[in-house]
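J.: My questions all concern the structure below.
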Amino acid sequence: VSIRRTRGRKPFCGNLRTKKSNFNFNVSHEGDLVVIASESKCLVGVDVCSALQLVQRRTETNFLDELAKSFRHSFSSLEWRTIASAPDDTSRFQIFRTLWAAKEAFVKARGDGLLFDLARLEFSHTTESELQLRIDGKLSAEWHFSLQNLDQDHVVCVARGPMHAVVDSVGDFVKTLQQSPTDHDQLRQVLKEPRDPFSYLYVEQLLPPHYRTQLLAIRSKSAPFLTSPLAPPSLADRACSDNNLHAFQQRVSLNEDIDDDENNKKQSALRISAIEARRAAVSSKSEQTGCTLT
């Protein structure tokens, strides 16, 4: 699998064997999680926000003043009024992080990166888990935005939109896609199709079987309850998992009998280092499933 990027840093699969779909995917990471979403019929962008990340960066100054200094030109006046109208800092941040995730998901779906003027985008809730978008004040029916709370600290926003909105100045990504549907009714039907919620994958689920067995053996000695991951990890579980993974990586690097082939050892070490950097991963099911972190 050849993963490439457009000039706007949107990742894509550069060696698809067929153009029978509009397969594309997007990745985001913050806090303790990595999220992956993919689509075969429309553009997709994803952004995950961690409340803990911003809380750790906060000072004792006024919360709204802090936000305004960094994001003054990224929100519309209506969005700022919505944030300011919340009764306390916790509520203000919840609104802020939801709006910010939606803006990030939009530009990541298109492939603009930060070249797009985020103040042109104005989001508002239609339901607790859905947002509507206005671009330059005009309501857009070509985009759909869904929200999901992954745990008490992370919320993810998935943006889905028309293929013709993709930004690819070089054109290599566009070459991997089939022609975009121009019928608006067909597009709306695609956007309304139900998607399964995100599902958790633990680190050991991403490791090759040989290393997975060793990791579980180490983990079972200090945290037996982590050997059978059936539910989303708590913050304490993730911290314990990270510590055990670090110990596992050290053990792998010192054990010369793990793999006799030098190239395979190097490749495996790279995989483990990448997984440790991400610490945990989230992948979507069904249409949103299509990529595996290795």
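Starting from 1 in every chain, residues are counted up; chains themselves are A, B, ... following the order of the structure tokens, and ligands are numbered from 1 as listed.
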So that I can check the secondary structure, give me every residue of stretch 111-233 of chain A assigned helix (DSSP H, G or I) by backbone DSSP, as number ranges by chain.
T.: A: 113-115, 118-120, 163-165, 174-176, 184-192, 203-206, 209-222, 224-226
J.: What's around A:Gln132 at 8 Å? Count only C-alpha atoms, leave out sequence neighbours fewer than 6 positions away in its own chain, and write the answer as a PyMOL selection string.
T.: chain A and resi 123-126+139-140+143-145
J.: To one decimal place in Å, what is the distance between atom CA of A:Gly161 and atom CA of A:Gly137?
T.: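 Separating atom CA of A:Gly161 from atom CA of A:Gly137 is a distance of 17.8 Å.
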J.: Where does DSSP see strand (DSSP E) in stretch 19-184 of chain A, if you list the residues as an NGL selection string?
T.: :A and (24-30 or 33-39 or 43-50 or 121-127 or 130-135 or 138-149 or 154-161)
J.: Could you please determine the separation between atom CA of A:Phe12 and atom CA of A:Asp112 in Å, to one decimal place?
T.: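 Calculated distance between atom CA of A:Phe12 and atom CA of A:Asp112 is 14.0 Å.
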J.: Show me, as number ranges by chain, the residues that have an atom within 12 Å of A:Arg7 when counting only C-alpha atoms, minus same-chain residues fewer than 4 positions from it.
T.: A: 11-12, 108, 110-115, 166-173
J.: Could you write out the selected residues, including N, CA and C atoms, as a PDB file, in the first residue's frame?
T.:
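Okay, this is what ended up in result03.pdb:
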```
ATOM      1  N   PRO A  11      -4.053  12.723   2.934  1.00  0.00           N
ATOM      2  CA  PRO A  11      -3.489  11.420   2.562  1.00  0.00           C
ATOM      3  C   PRO A  11      -4.402  10.677   1.598  1.00  0.00           C
ATOM      4  N   PHE A  12      -3.801   9.884   0.724  1.00  0.00           N
ATOM      5  CA  PHE A  12      -4.592   9.038  -0.170  1.00  0.00           C
ATOM      6  C   PHE A  12      -3.770   7.823  -0.563  1.00  0.00           C
ATOM      7  N   LYS A 108      -9.978  19.226   6.005  1.00  0.00           N
ATOM      8  CA  LYS A 108      -9.234  17.988   5.808  1.00  0.00           C
ATOM      9  C   LYS A 108      -9.917  17.090   4.780  1.00  0.00           C
ATOM     10  N   ARG A 110     -11.627  18.239   2.157  1.00  0.00           N
ATOM     11  CA  ARG A 110     -11.334  18.878   0.869  1.00  0.00           C
ATOM     12  C   ARG A 110      -9.855  18.751   0.491  1.00  0.00           C
ATOM     13  N   GLY A 111      -8.995  18.899   1.482  1.00  0.00           N
ATOM     14  CA  GLY A 111      -7.571  18.873   1.210  1.00  0.00           C
ATOM     15  C   GLY A 111      -6.936  20.249   1.188  1.00  0.00           C
ATOM     16  N   ASP A 112      -7.647  21.273   1.699  1.00  0.00           N
ATOM     17  CA  ASP A 112      -7.095  22.635   1.723  1.00  0.00           C
ATOM     18  C   ASP A 112      -5.990  22.802   2.754  1.00  0.00           C
ATOM     19  N   GLY A 113      -6.128  22.091   3.881  1.00  0.00           N
ATOM     20  CA  GLY A 113      -5.280  22.409   5.021  1.00  0.00           C
ATOM     21  C   GLY A 113      -5.689  23.760   5.585  1.00  0.00           C
ATOM     22  N   LEU A 114      -4.705  24.513   6.067  1.00  0.00           N
ATOM     23  CA  LEU A 114      -5.001  25.808   6.685  1.00  0.00           C
ATOM     24  C   LEU A 114      -5.081  26.938   5.671  1.00  0.00           C
ATOM     25  N   LEU A 115      -5.052  26.614   4.378  1.00  0.00           N
ATOM     26  CA  LEU A 115      -5.161  27.650   3.354  1.00  0.00           C
ATOM     27  C   LEU A 115      -6.578  28.194   3.246  1.00  0.00           C
ATOM     28  N   VAL A 166     -12.993  18.412  -3.818  1.00  0.00           N
ATOM     29  CA  VAL A 166     -11.624  18.081  -3.469  1.00  0.00           C
ATOM     30  C   VAL A 166     -10.647  19.105  -4.050  1.00  0.00           C
ATOM     31  N   VAL A 167      -9.614  19.429  -3.289  1.00  0.00           N
ATOM     32  CA  VAL A 167      -8.563  20.345  -3.722  1.00  0.00           C
ATOM     33  C   VAL A 167      -7.293  19.524  -3.942  1.00  0.00           C
ATOM     34  N   ASP A 168      -6.887  19.401  -5.188  1.00  0.00           N
ATOM     35  CA  ASP A 168      -5.711  18.591  -5.535  1.00  0.00           C
ATOM     36  C   ASP A 168      -5.005  19.246  -6.718  1.00  0.00           C
ATOM     37  N   SER A 169      -4.099  20.160  -6.439  1.00  0.00           N
ATOM     38  CA  SER A 169      -3.460  20.940  -7.493  1.00  0.00           C
ATOM     39  C   SER A 169      -2.601  20.094  -8.421  1.00  0.00           C
ATOM     40  N   VAL A 170      -2.020  19.016  -7.910  1.00  0.00           N
ATOM     41  CA  VAL A 170      -1.184  18.147  -8.735  1.00  0.00           C
ATOM     42  C   VAL A 170      -2.035  17.189  -9.557  1.00  0.00           C
ATOM     43  N   GLY A 171      -3.102  16.682  -8.955  1.00  0.00           N
ATOM     44  CA  GLY A 171      -4.025  15.811  -9.671  1.00  0.00           C
ATOM     45  C   GLY A 171      -3.822  14.331  -9.468  1.00  0.00           C
ATOM     46  N   ASP A 172      -2.827  13.929  -8.683  1.00  0.00           N
ATOM     47  CA  ASP A 172      -2.568  12.499  -8.482  1.00  0.00           C
ATOM     48  C   ASP A 172      -3.679  11.828  -7.683  1.00  0.00           C
ATOM     49  N   PHE A 173      -4.235  12.536  -6.692  1.00  0.00           N
ATOM     50  CA  PHE A 173      -5.329  11.967  -5.908  1.00  0.00           C
ATOM     51  C   PHE A 173      -6.573  11.813  -6.766  1.00  0.00           C
TER      52      PHE A 173
END
```
J.: Name the residues in contact with stretch 89-91 of chain A at a cut-off of 9 Å, using only C-alpha atoms, excluding same-chain residues fewer than 5 positions from it; report them as a VMD selection string.
T.: chain A and resid 63 to 64 83 96
J.: Could you check how far atom CA of A:Asp153 sits from atom CA of A:Ser74, in Å to one decimal?
T.: 23.1 Å
